[in-house]
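Chemist: Contents of final04.cif (mmCIF, C-alpha atoms and all ligand atoms) are given next:
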```cif
data_my_file
#
loop_
_atom_site.label_atom_id
_atom_site.label_comp_id
_atom_site.auth_asym_id
_atom_site.auth_seq_id
_atom_site.Cartn_x
_atom_site.Cartn_y
_atom_site.Cartn_z
CA MET N 225 306.78 21.57 86.70
CA ARG N 226 308.81 20.46 83.71
CA LEU N 227 307.79 22.06 80.39
CA TYR N 228 308.48 20.68 76.95
CA LEU N 229 308.39 22.73 73.75
CA CYS N 230 307.38 21.16 70.45
CA SER N 231 306.21 22.15 66.97
CA ALA N 232 302.66 23.49 66.77
CA GLY N 233 300.41 20.50 66.04
CA SER N 234 302.79 17.96 67.62
CA GLU N 235 301.31 18.32 71.12
CA PRO N 236 299.25 15.07 70.90
CA ALA N 237 302.32 13.11 69.78
CA LEU N 238 304.36 14.59 72.64
CA GLN N 239 301.59 13.85 75.14
CA GLU N 240 301.59 10.24 74.00
CA GLU N 241 305.25 10.12 75.04
CA LEU N 242 304.51 11.87 78.36
CA PRO N 243 301.42 10.23 79.85
CA GLY N 244 299.61 12.52 82.28
CA SER N 245 301.04 15.70 80.73
CA ARG N 246 298.83 18.61 79.68
CA VAL N 247 298.96 21.23 76.96
CA LEU N 248 299.49 24.71 78.44
CA ALA N 249 299.59 26.62 75.15
CA PRO N 250 300.35 25.81 71.49
CA GLY N 251 303.68 24.02 71.43
CA VAL N 252 303.96 23.98 75.25
CA VAL N 253 303.34 20.76 77.20
CA ALA N 254 303.64 20.54 80.99
CA ASP N 255 304.61 17.37 82.82
CA ALA N 256 304.14 17.34 86.56
CA ALA N 257 306.14 14.11 86.88
CA GLY N 258 309.22 16.08 85.92
CA ALA N 259 311.35 13.05 85.06
CA ALA N 260 314.23 13.70 82.71
CA ALA N 261 313.41 12.21 79.34
CA ASP N 262 314.33 12.83 75.72
CA PRO N 263 310.98 12.78 73.93
CA VAL N 264 311.12 12.63 70.15
CA PHE N 265 308.59 15.43 69.78
CA ALA N 266 310.17 17.95 72.18
CA ARG N 267 313.10 20.10 71.13
CA GLN N 268 313.40 22.06 74.34
CA VAL N 269 312.80 21.52 78.05
CA LEU N 270 312.18 24.06 80.82
CA PRO N 271 313.13 22.15 83.99
CA ASP N 272 311.58 23.25 87.26
CA ALA N 273 309.57 26.03 85.56
CA ARG N 274 307.88 28.42 87.96
CA GLU N 275 305.15 30.89 87.16
CA VAL N 276 305.21 34.56 88.07
CA GLN N 277 302.39 37.00 87.55
CA ALA N 278 302.72 40.77 87.36
CA ALA N 279 301.11 43.64 85.48
CA SER N 280 304.17 45.22 83.83
CA VAL N 281 307.38 44.19 82.10
CA ARG N 282 309.39 45.76 84.90
CA LEU N 283 307.51 43.82 87.62
CA LEU N 284 307.72 40.56 85.68
CA ALA N 285 311.48 41.07 85.37
CA GLU N 286 311.77 41.76 89.11
CA ALA N 287 309.88 38.55 89.86
CA ALA N 288 312.02 36.59 87.38
CA TYR N 289 315.16 38.10 88.91
CA GLY N 290 314.05 36.87 92.32
CA LEU N 291 313.80 33.34 90.94
CA VAL N 292 317.05 33.15 88.97
CA GLU N 293 319.44 35.47 90.81
CA ALA N 294 320.76 32.89 93.30
CA THR N 295 321.24 30.22 90.61
CA ILE N 296 323.13 32.62 88.32
CA ASP N 297 325.22 33.87 91.22
CA ARG N 298 326.10 30.34 92.36
CA ALA N 299 327.08 29.18 88.88
CA THR N 300 330.60 29.77 87.64
CA GLY N 301 330.22 29.02 83.94
CA PRO N 302 328.62 30.86 81.03
CA PHE N 303 324.88 31.32 80.76
CA LEU N 304 322.32 32.05 78.07
CA ILE N 305 318.99 33.84 78.36
CA HIS N 306 316.18 32.76 76.02
CA ASP N 307 312.99 34.80 75.72
CA LEU N 308 310.13 32.67 74.46
CA ALA N 309 306.45 32.62 73.59
CA PRO N 310 304.06 29.78 72.66
CA ALA N 311 304.25 28.51 69.07
CA ASP N 312 302.46 30.58 66.46
CA SER N 313 301.67 33.43 68.88
CA GLY N 314 301.35 36.86 67.28
CA PRO N 315 303.94 39.60 67.84
CA GLY N 316 302.63 40.63 71.31
CA LEU N 317 303.96 37.79 73.47
CA PRO N 318 307.42 37.46 71.87
CA SER N 319 307.82 41.20 72.34
CA ARG N 320 306.68 40.92 75.99
CA ALA N 321 309.21 38.14 76.64
CA ARG N 322 311.96 40.15 74.92
CA GLY N 323 311.13 43.16 77.08
CA VAL N 324 311.31 41.08 80.27
CA ALA N 325 314.66 39.61 79.19
CA ARG N 326 316.00 43.11 78.52
CA GLU N 327 314.89 44.29 81.98
CA LEU N 328 316.30 41.16 83.60
CA ARG N 329 319.69 41.84 81.99
CA ALA N 330 319.57 45.40 83.28
CA LEU N 331 318.82 44.16 86.80
CA LEU N 332 321.64 41.63 86.66
CA ALA N 333 324.08 44.25 85.36
CA ALA N 334 323.11 46.63 88.15
CA ARG N 335 322.99 44.16 91.05
CA ARG N 336 325.16 41.22 90.01
CA LYS N 337 327.68 42.91 87.76
CA ARG N 338 330.34 40.22 87.84
CA ALA N 339 327.88 37.35 87.29
CA SER N 340 326.11 39.22 84.49
CA ARG N 341 329.37 39.24 82.48
CA ARG N 342 329.11 35.47 82.15
CA GLU N 343 326.12 35.79 79.82
CA ARG N 344 327.02 34.56 76.34
CA PRO N 345 325.44 35.88 73.12
CA LEU N 346 323.47 33.43 70.97
CA GLU N 347 326.16 33.82 68.29
CA ASP N 348 328.35 31.61 70.48
CA VAL N 349 326.09 28.65 69.73
CA ALA N 350 325.17 29.64 66.19
CA ARG N 351 327.43 27.00 64.55
CA PRO N 352 327.35 23.25 65.25
CA ALA N 353 330.90 23.33 66.64
CA GLY N 354 330.07 26.22 69.01
CA ALA N 355 326.84 24.56 70.09
CA ALA N 356 328.80 21.40 70.87
CA ASN N 357 330.57 23.31 73.69
CA PHE N 358 327.24 23.75 75.48
CA GLY N 359 327.22 21.37 78.45
CA GLN N 360 326.92 20.91 82.17
CA ALA N 361 329.15 23.89 82.98
CA TRP N 362 326.56 26.17 81.36
CA LEU N 363 323.32 27.56 82.68
CA LEU N 364 320.20 28.18 80.62
CA VAL N 365 317.71 30.81 81.76
CA GLN N 366 314.37 30.63 79.94
CA LEU N 367 311.54 33.16 80.11
CA LEU N 368 308.29 32.02 78.49
CA ALA N 369 305.49 34.61 78.22
CA LEU N 370 302.16 32.79 78.50
CA SER N 371 300.13 36.01 78.48
CA ALA N 372 300.86 39.70 79.07
CA ASP N 373 300.97 39.17 82.84
CA ARG N 374 302.03 35.51 83.18
CA LEU N 375 305.58 34.33 82.76
CA LEU N 376 307.17 30.92 83.25
CA VAL N 377 310.75 31.02 84.44
CA SER N 378 313.37 28.28 84.39
CA ALA N 379 317.08 28.36 85.21
CA ALA N 380 318.93 25.08 84.94
CA ALA N 381 322.14 23.47 83.80
CA PRO N 382 321.90 20.98 80.91
CA GLN N 383 321.90 17.36 82.08
CA PRO N 384 323.52 14.58 80.06
CA LEU N 385 321.19 12.07 78.44
CA ARG N 386 321.67 8.32 78.57
CA ARG N 387 322.34 7.99 74.84
CA GLY N 388 324.38 11.18 74.41
CA GLY N 389 323.65 14.88 74.20
CA PHE N 390 321.90 17.04 76.81
CA ASP N 391 318.30 17.51 77.80
CA LEU N 392 318.47 21.25 77.06
CA ALA N 393 319.22 22.79 73.69
CA PRO N 394 321.28 26.01 73.46
CA TRP N 395 318.96 27.60 70.86
CA PRO N 396 315.70 29.35 71.78
CA ARG N 397 312.77 26.85 71.59
CA GLY N 398 315.37 24.27 70.54
CA ASP N 399 315.26 25.67 67.02
CA ALA N 400 318.80 25.60 65.66
CA PRO N 401 319.67 28.73 63.65
CA VAL N 402 319.69 27.45 60.07
CA ALA N 403 320.98 30.08 57.65
CA VAL N 404 319.06 30.72 54.45
CA ASP N 405 320.89 29.39 51.40
CA ARG N 406 319.50 30.03 47.92
CA ALA N 407 321.97 27.76 46.13
CA PRO N 408 320.55 24.24 46.83
CA PRO N 409 317.90 23.02 44.37
CA SER N 410 315.41 22.17 47.15
CA ARG N 411 314.56 23.50 50.58
CA ALA N 412 315.19 20.05 52.04
CA TYR N 413 318.74 21.30 52.79
CA GLN N 414 317.32 23.01 55.90
CA LYS N 415 316.66 19.63 57.56
CA LEU N 416 320.26 18.53 57.11
CA GLU N 417 321.70 21.86 58.27
CA GLU N 418 319.52 21.61 61.39
CA ALA N 419 320.54 17.98 61.95
CA PHE N 420 324.26 18.95 62.00
CA PHE N 421 323.52 21.17 64.99
CA TRP N 422 321.81 18.30 66.80
CA VAL N 423 324.63 15.83 66.14
CA GLY N 424 327.07 18.52 67.24
CA ALA N 425 329.27 17.97 64.20
CA GLU N 426 329.35 18.58 60.47
CA PRO N 427 331.39 17.09 57.62
CA ARG N 428 334.93 18.36 57.30
CA GLN N 429 336.90 19.11 54.16
CA GLY N 430 337.57 15.88 52.26
CA GLU N 431 335.39 13.63 54.41
CA ARG N 432 333.52 10.92 52.55
CA SER N 433 329.74 10.85 52.58
CA VAL N 434 326.86 8.88 51.09
CA ASP N 435 323.59 10.70 50.37
CA LEU N 436 320.74 8.20 49.92
CA GLY N 437 317.67 9.53 48.10
CA ALA N 438 319.80 12.47 46.98
CA SER N 439 317.74 13.89 44.08
CA PRO N 440 317.30 16.75 43.26
CA GLY N 441 320.34 17.53 45.44
CA GLY N 442 319.59 19.80 48.42
CA TRP N 443 321.46 17.57 50.87
CA THR N 444 324.27 16.89 48.40
CA ALA N 445 324.75 20.65 47.99
CA THR N 446 324.89 21.01 51.79
CA LEU N 447 327.56 18.30 52.07
CA LEU N 448 329.58 19.84 49.22
CA LYS N 449 329.38 23.26 50.84
CA ARG N 450 331.51 21.81 53.66
CA GLY N 451 334.04 20.32 51.28
CA ALA N 452 332.88 16.71 51.62
CA GLN N 453 333.02 14.13 48.85
CA VAL N 454 329.56 12.77 48.06
CA ILE N 455 328.28 9.49 46.68
CA ALA N 456 324.74 10.47 45.68
CA VAL N 457 322.36 7.52 45.35
CA ASP N 458 318.89 7.87 43.86
CA ARG N 459 316.69 6.40 41.16
CA ALA N 460 316.39 9.92 39.78
CA PRO N 461 319.28 12.14 38.63
CA LEU N 462 320.73 15.10 40.52
CA GLU N 463 320.29 18.62 39.19
CA PRO N 464 322.89 19.06 36.41
CA PRO N 465 325.31 21.48 38.12
CA LEU N 466 325.64 19.13 41.09
CA ALA N 467 325.92 16.01 38.93
CA ARG N 468 328.87 17.66 37.13
CA ASP N 469 330.73 18.50 40.39
CA ALA N 470 334.03 16.59 40.47
CA ARG N 471 333.49 15.70 44.14
CA VAL N 472 330.20 13.93 43.39
CA THR N 473 329.86 10.30 42.35
CA THR N 474 326.37 9.62 41.08
CA VAL N 475 324.82 6.18 41.55
CA ILE N 476 321.50 5.69 39.81
CA GLY N 477 320.02 2.81 41.75
CA ASN N 478 318.31 1.50 44.84
CA ALA N 479 319.21 3.20 48.13
CA PHE N 480 318.34 0.07 50.10
CA THR N 481 320.77 -2.23 48.35
CA TYR N 482 323.61 0.27 47.85
CA GLN N 483 326.68 -0.40 49.95
CA PRO N 484 329.96 1.58 49.84
CA ALA N 485 333.20 -0.31 49.11
CA ARG N 486 334.61 0.99 52.41
CA ALA N 487 333.21 2.80 55.43
CA VAL N 488 332.37 6.50 55.03
CA ASP N 489 332.37 9.38 57.48
CA TRP N 490 328.74 10.30 56.92
CA MET N 491 325.63 8.48 55.75
CA VAL N 492 322.61 10.72 55.27
CA SER N 493 319.25 9.53 53.97
CA ASP N 494 316.13 11.40 52.99
CA VAL N 495 314.56 8.48 51.10
CA VAL N 496 310.76 8.49 51.02
CA CYS N 497 309.62 5.09 52.31
CA GLU N 498 307.66 3.36 55.08
CA PRO N 499 309.12 4.01 58.56
CA PRO N 500 310.29 0.41 59.24
CA ARG N 501 312.47 0.54 56.13
CA SER N 502 314.23 3.72 57.30
CA LEU N 503 314.76 2.25 60.76
CA ASP N 504 316.17 -0.99 59.32
CA LEU N 505 318.43 1.02 56.99
CA ALA N 506 319.89 2.98 59.91
CA GLN N 507 320.37 -0.15 61.98
CA ARG N 508 322.06 -2.01 59.14
CA TRP N 509 324.56 0.78 58.37
CA LEU N 510 325.49 1.16 62.03
CA ALA N 511 325.73 -2.56 62.74
CA ALA N 512 327.92 -3.12 59.69
CA GLY N 513 330.16 -0.19 60.67
CA LEU N 514 329.56 1.43 57.28
CA CYS N 515 329.54 5.01 58.63
CA ARG N 516 330.77 7.06 61.59
CA ASN N 517 327.89 9.55 61.55
CA LEU N 518 324.34 8.94 60.42
CA ILE N 519 321.37 11.20 59.74
CA VAL N 520 318.18 9.52 58.50
CA THR N 521 314.71 11.00 58.14
CA VAL N 522 311.76 8.74 59.01
CA LYS N 523 308.62 9.81 57.18
CA PHE N 524 305.06 9.23 58.35
CA LYS N 525 301.75 9.41 56.55
CA GLY N 526 299.86 12.01 58.57
CA ARG N 527 300.32 12.27 62.30
CA THR N 528 299.99 8.63 63.28
CA GLY N 529 302.12 5.51 63.61
CA TYR N 530 304.71 7.05 65.92
CA ARG N 531 304.67 4.07 68.27
CA ILE N 532 307.21 2.40 66.01
CA LEU N 533 309.76 4.90 67.33
CA GLU N 534 309.64 3.45 70.85
CA GLY N 535 312.94 1.81 71.75
CA VAL N 536 314.69 2.99 68.59
CA PRO N 537 317.60 4.64 70.49
CA ASP N 538 318.21 1.38 72.40
CA ARG N 539 318.04 -0.61 69.20
CA LEU N 540 320.53 1.67 67.43
CA ALA N 541 322.80 1.78 70.47
CA ALA N 542 322.86 -2.03 70.33
CA ALA N 543 323.86 -1.69 66.67
CA GLY N 544 326.92 0.36 67.67
CA ALA N 545 325.79 3.98 68.06
CA GLY N 546 327.52 5.70 70.98
CA PHE N 547 325.35 8.79 70.50
CA VAL N 548 321.80 8.43 69.31
CA ARG N 549 318.76 10.68 69.40
CA VAL N 550 315.51 10.69 67.50
CA LYS N 551 313.98 14.15 67.15
CA GLN N 552 311.28 15.99 65.31
CA LEU N 553 313.34 18.90 64.03
CA ALA N 554 311.86 22.34 63.36
CA HIS N 555 312.14 21.69 59.61
CA ASN N 556 310.53 18.24 59.81
CA LYS N 557 306.87 18.11 58.91
CA ASN N 558 305.37 14.62 59.11
CA GLU N 559 308.77 13.18 59.81
CA VAL N 560 311.40 12.79 62.48
CA THR N 561 315.18 12.52 62.21
CA ILE N 562 317.52 9.84 63.52
CA LEU N 563 320.83 11.36 64.60
CA ALA N 564 323.58 8.91 65.44
CA ARG N 565 327.34 8.64 65.80
CA ARG N 566 329.29 5.45 66.32
C1 LIG N 601 312.48 13.84 49.61
S1 LIG N 601 313.37 13.36 48.21
C2 LIG N 601 315.01 13.72 48.66
C3 LIG N 601 315.33 15.18 48.61
C4 LIG N 601 316.82 15.41 48.74
N1 LIG N 601 317.32 15.02 50.06
C5 LIG N 601 317.19 16.87 48.52
O1 LIG N 601 317.68 17.51 49.45
O2 LIG N 601 317.02 17.37 47.42
C6 LIG N 601 313.33 11.63 48.30
C7 LIG N 601 314.13 10.94 47.21
O3 LIG N 601 314.16 9.55 47.52
C8 LIG N 601 314.26 8.84 46.29
N2 LIG N 601 313.95 7.44 46.50
C9 LIG N 601 312.81 6.88 46.98
N3 LIG N 601 312.94 5.54 47.04
C10 LIG N 601 314.19 5.25 46.61
C11 LIG N 601 314.94 4.05 46.47
N4 LIG N 601 314.43 2.86 46.81
N5 LIG N 601 316.20 4.14 45.99
C12 LIG N 601 316.75 5.33 45.66
N6 LIG N 601 316.08 6.50 45.78
C13 LIG N 601 314.82 6.45 46.24
C14 LIG N 601 313.30 9.59 45.40
O4 LIG N 601 313.63 9.37 44.03
C15 LIG N 601 313.52 11.04 45.82
O5 LIG N 601 314.43 11.68 44.96
#
```
Please lay out the structure from this file as structure tokens.
Modeler:
Amino acid sequence: MRLYLCSAGSEPALQEELPGSRVLAPGVVADAAGAAADPVFARQVLPDAREVQAASVRLLAEAAYGLVEATIDRATGPFLIHDLAPADSGPGLPSRARGVARELRALLAARRKRASRRERPLEDVARPAGAANFGQAWLLVQLLALSADRLLVSAAAPQPLRRGGFDLAPWPRGDAPVAVDRAPPSRAYQKLEEAFFWVGAEPRQGERSVDLGASPGGWTATLLKRGAQVIAVDRAPLEPPLARDARVTTVIGNAFTYQPARAVDWMVSDVVCEPPRSLDLAQRWLAAGLCRNLIVTVKFKGRTGYRILEGVPDRLAAAGAGFVRVKQLAHNKNEVTILARR
């Protein structure tokens, strides 16, 4: 059984992408077909998940150990252990999963000492650059507590996807660890911080970027934080401190007609508009070679109209993207994010 994890409330959208799948718990969708796919509405996958049942944490850990021991022993690279619970569950199940993970580590340390040393802490993938090291040489062990006595266990290496990236994410639930920042004028910055993890890169000192729909300036602040230069395009002005920053060029105008004089390193867009306009915008920038990296949010009214996303990765790959994924990020509400690199 292949499990997919999504935001609470996005199960119907994910099921539309995975015909025949069923909802096991909030944010957990099971697909018997088990084919590798990169659904927009899933941020994490548990390949070949197997269920164990036992009455105590210790017995659950023993059963999990039985399932993962040979895989961990056979592997030669680093591994991560994620303890998980369904979306929006109270404190009981996350604590149960944590307890099982703790016991599993103790069993590995006692019985497979050398292999257990290959476990990496989550801090190793807590920055986009570190997360970008996560690949086929790694192993991801996932423990999902469905109830006090039912646990789903998966141990698998990430598999490369057709359009770039891997089917598994290195962060628990696929939720990249976005740090809280009180400086930006809006909380929208969280979406861009999370997107950098998914593209596996972030702007470097002095790189040139265009921020479309920049006001009041959350994304611009996030770009500046990394030392990038920003052309901020919006009909509305940026918050004054950002507008005064010497690295910011403000363009009061239409995001859809703006074009930089020469190609930039990053184009990011958080413009509120109908989905086809965002998709066309992304395609146009990629096809014209106007940016190396692109992050564009696509906003929906309510939870419908997602069909328009079908075939978008192929379309953007045809426009020149070597890496392209479309994902509902943890900080996206009624929106998804296009992540692309030429
Ligand atoms: C969700 S807000 C962007 C928030 C911003 N990313 C931040 O972090 O603070 C969307 C912005 O898109 C701008 N916008 C919508 N249509 C636009 C257009 N055609 N041209 C320029 N800006 C537009 C709006 O003025 C608004 O400031």
Chemist: Within 10 Å of (331.1, 13.9, 44.7) (file coordinates; only C-alpha atoms), which protein or nucleic acid residues are there? I'd like them as a list in words.
Modeler: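 Output: Arg432, Ser433, Val434, Asp435, Thr444, Ala445, Leu447, Leu448, Gly451, Ala452, Gln453, Val454, Ile455, Ala456, Leu466, Ala467, Arg468, Asp469, Ala470, Arg471, Val472, Thr473 and Thr474 of chain N.
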Chemist: What is the CA of Leu238 (chain N)-CA of Met225 (chain N) distance in Å, reported with one decimal?
Modeler: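 We find that CA of Leu238 (chain N) and CA of Met225 (chain N) lie 15.9 Å from each other.
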Chemist: Contacts between ligand LIG 601 (chain N) and chain N, please, where a residue of chain N counts if it comes within 6 Å (with all atoms listed in the file); show its shortest atom pair and distance in Å to one decimal, rows by chain and ascending number, as a Markdown table.
Modeler:
```
| residue | atom | partner | partner_atom | distance |
| --- | --- | --- | --- | --- |
| N:Ser410 | CA | N:LIG601 | O2 | 5.1 |
| N:Ala412 | CA | N:LIG601 | O1 | 4.4 |
| N:Tyr413 | CA | N:LIG601 | O1 | 5.2 |
| N:Gly437 | CA | N:LIG601 | O3 | 3.6 |
| N:Ala438 | CA | N:LIG601 | C4 | 4.5 |
| N:Ser439 | CA | N:LIG601 | O5 | 4.1 |
| N:Pro440 | CA | N:LIG601 | O2 | 4.2 |
| N:Gly441 | CA | N:LIG601 | O2 | 3.9 |
| N:Gly442 | CA | N:LIG601 | O1 | 3.2 |
| N:Trp443 | CA | N:LIG601 | O1 | 4.0 |
| N:Asp458 | CA | N:LIG601 | N6 | 3.7 |
| N:Arg459 | CA | N:LIG601 | C12 | 4.6 |
| N:Ala460 | CA | N:LIG601 | O4 | 5.1 |
| N:Gly477 | CA | N:LIG601 | C12 | 5.7 |
| N:Asn478 | CA | N:LIG601 | N5 | 3.6 |
| N:Ala479 | CA | N:LIG601 | N5 | 3.8 |
| N:Phe480 | CA | N:LIG601 | N4 | 5.8 |
| N:Asp494 | CA | N:LIG601 | N1 | 4.8 |
| N:Val495 | CA | N:LIG601 | O3 | 3.8 |
| N:Val496 | CA | N:LIG601 | C9 | 4.8 |
```
Chemist: Between CA of Pro315 (chain N) and CA of Leu370 (chain N), measure the distance and give it in Å to one decimal.
Modeler: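 Computing it gives 12.8 Å between the two atoms.
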Chemist: Given only C-alpha atoms as the basis, pick out the residue of N:Thr521, N:Asp489, N:Val402, N:Val292 nearest to Arg351 (chain N).
Modeler: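 Answer, going by the shortest atom-to-atom distance: N:Val402.
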Chemist: Can you tell me, as a list in words, what residues are no more than 12 Å from Gly526 (chain N) when counting all atoms listed in the file, ignoring any on the same chain fewer than 6 positions away?
Modeler: Gly233, Ser234, Ala237, Lys557, Asn558 and Glu559 of chain N
Chemist: Please report as JSON lines every residue of region 353-397 of chain N lying within 8 Å of region 260-281 of chain N, along with the nearest atom pair and their distance in Å (one decimal), using all atoms listed in the file.
Modeler:
```
{"residue": "N:Gln366", "atom": "CA", "partner": "N:Leu270", "partner_atom": "CA", "distance": 7.0}
{"residue": "N:Ala372", "atom": "CA", "partner": "N:Ala279", "partner_atom": "CA", "distance": 7.5}
{"residue": "N:Asp373", "atom": "CA", "partner": "N:Ala278", "partner_atom": "CA", "distance": 5.1}
{"residue": "N:Arg374", "atom": "CA", "partner": "N:Gln277", "partner_atom": "CA", "distance": 4.6}
{"residue": "N:Leu375", "atom": "CA", "partner": "N:Val276", "partner_atom": "CA", "distance": 5.3}
{"residue": "N:Leu376", "atom": "CA", "partner": "N:Glu275", "partner_atom": "CA", "distance": 4.4}
{"residue": "N:Val377", "atom": "CA", "partner": "N:Arg274", "partner_atom": "CA", "distance": 5.2}
{"residue": "N:Ser378", "atom": "CA", "partner": "N:Ala273", "partner_atom": "CA", "distance": 4.6}
{"residue": "N:Ala379", "atom": "CA", "partner": "N:Pro271", "partner_atom": "CA", "distance": 7.5}
{"residue": "N:Ala380", "atom": "CA", "partner": "N:Pro271", "partner_atom": "CA", "distance": 6.6}
{"residue": "N:Leu385", "atom": "CA", "partner": "N:Asp262", "partner_atom": "CA", "distance": 7.4}
{"residue": "N:Asp391", "atom": "CA", "partner": "N:Asp262", "partner_atom": "CA", "distance": 6.5}
{"residue": "N:Leu392", "atom": "CA", "partner": "N:Val269", "partner_atom": "CA", "distance": 5.8}
{"residue": "N:Ala393", "atom": "CA", "partner": "N:Gln268", "partner_atom": "CA", "distance": 5.9}
{"residue": "N:Arg397", "atom": "CA", "partner": "N:Gln268", "partner_atom": "CA", "distance": 5.6}
```
Chemist: Measure the distance from CA of Arg386 (chain N) to CA of Arg565 (chain N) in Å and round it to one decimal.
Modeler: 14.0 Å
Chemist: In the coordinates of the file, take the point (307.5, 41.8, 82.1) and a cut-off of 7 Å; then, counting all atoms listed in the file, name each qualifying protein, DNA or RNA residue as a JSON list (two decimals) with C-alpha atoms, keeping the file's coordinate frame.
Modeler:
```
[["chain", "number", "residue", "atom", "x", "y", "z"],
["N", 280, "SER", "CA", 304.17, 45.22, 83.83],
["N", 281, "VAL", "CA", 307.38, 44.19, 82.10],
["N", 282, "ARG", "CA", 309.39, 45.76, 84.90],
["N", 283, "LEU", "CA", 307.51, 43.82, 87.62],
["N", 284, "LEU", "CA", 307.72, 40.56, 85.68],
["N", 285, "ALA", "CA", 311.48, 41.07, 85.37],
["N", 320, "ARG", "CA", 306.68, 40.92, 75.99],
["N", 321, "ALA", "CA", 309.21, 38.14, 76.64],
["N", 323, "GLY", "CA", 311.13, 43.16, 77.08],
["N", 324, "VAL", "CA", 311.31, 41.08, 80.27]]
```
Chemist: List the neighbours of Val247 (chain N) out to 10 Å using only C-alpha atoms; skip same-chain residues closer than 4 positions along the sequence, and give me the result as an MDAnalysis selection string.
Modeler: chainID N and resid 227:228 235:236 238:239 251:255
Chemist: Restricting the calculation to only C-alpha atoms, which member of N:Arg326, N:Pro499, N:Glu347, N:Phe421 is positioned closest to Thr528 (chain N)?
Modeler: N:Pro499
Chemist: Rebuild region 395-400 of chain N to all heavy atoms - output it as a short mmCIF file (atom, residue, chain, number, x, y, z; two decimals), keeping the file's coordinate frame, please.
Modeler:
```cif
data_model
loop_
_atom_site.label_atom_id
_atom_site.label_comp_id
_atom_site.auth_asym_id
_atom_site.auth_seq_id
_atom_site.Cartn_x
_atom_site.Cartn_y
_atom_site.Cartn_z
N TRP N 395 319.65 26.64 71.73
CA TRP N 395 318.96 27.60 70.86
C TRP N 395 317.55 27.83 71.37
O TRP N 395 316.88 26.88 71.80
CB TRP N 395 318.90 27.08 69.42
CG TRP N 395 320.14 26.32 69.06
CD1 TRP N 395 321.37 26.87 68.81
CD2 TRP N 395 320.30 24.89 68.99
NE1 TRP N 395 322.27 25.86 68.57
CE2 TRP N 395 321.65 24.65 68.67
CE3 TRP N 395 319.45 23.83 69.14
CZ2 TRP N 395 322.16 23.37 68.51
CZ3 TRP N 395 319.94 22.54 68.99
CH2 TRP N 395 321.28 22.32 68.68
N PRO N 396 317.05 29.06 71.31
CA PRO N 396 315.70 29.35 71.78
C PRO N 396 314.67 28.40 71.14
O PRO N 396 314.70 28.16 69.93
CB PRO N 396 315.46 30.79 71.34
CG PRO N 396 316.84 31.38 71.29
CD PRO N 396 317.75 30.28 70.85
N ARG N 397 313.80 27.83 71.98
CA ARG N 397 312.77 26.85 71.59
C ARG N 397 313.40 25.54 71.12
O ARG N 397 312.69 24.64 70.68
CB ARG N 397 311.87 27.36 70.45
CG ARG N 397 310.99 28.54 70.74
CD ARG N 397 309.90 28.62 69.70
NE ARG N 397 309.13 27.39 69.71
CZ ARG N 397 308.19 27.07 70.60
NH1 ARG N 397 307.87 27.94 71.53
NH2 ARG N 397 307.57 25.93 70.55
N GLY N 398 314.73 25.46 71.10
CA GLY N 398 315.37 24.27 70.54
C GLY N 398 315.41 24.33 69.03
O GLY N 398 315.61 23.30 68.37
N ASP N 399 315.24 25.53 68.48
CA ASP N 399 315.26 25.67 67.02
C ASP N 399 316.65 26.16 66.60
O ASP N 399 316.99 27.35 66.78
CB ASP N 399 314.19 26.66 66.55
CG ASP N 399 312.79 26.12 66.80
OD1 ASP N 399 312.67 24.92 67.17
OD2 ASP N 399 311.82 26.87 66.64
N ALA N 400 317.44 25.26 66.06
CA ALA N 400 318.80 25.60 65.66
C ALA N 400 318.76 26.66 64.55
O ALA N 400 317.87 26.63 63.70
CB ALA N 400 319.53 24.35 65.18
#
```
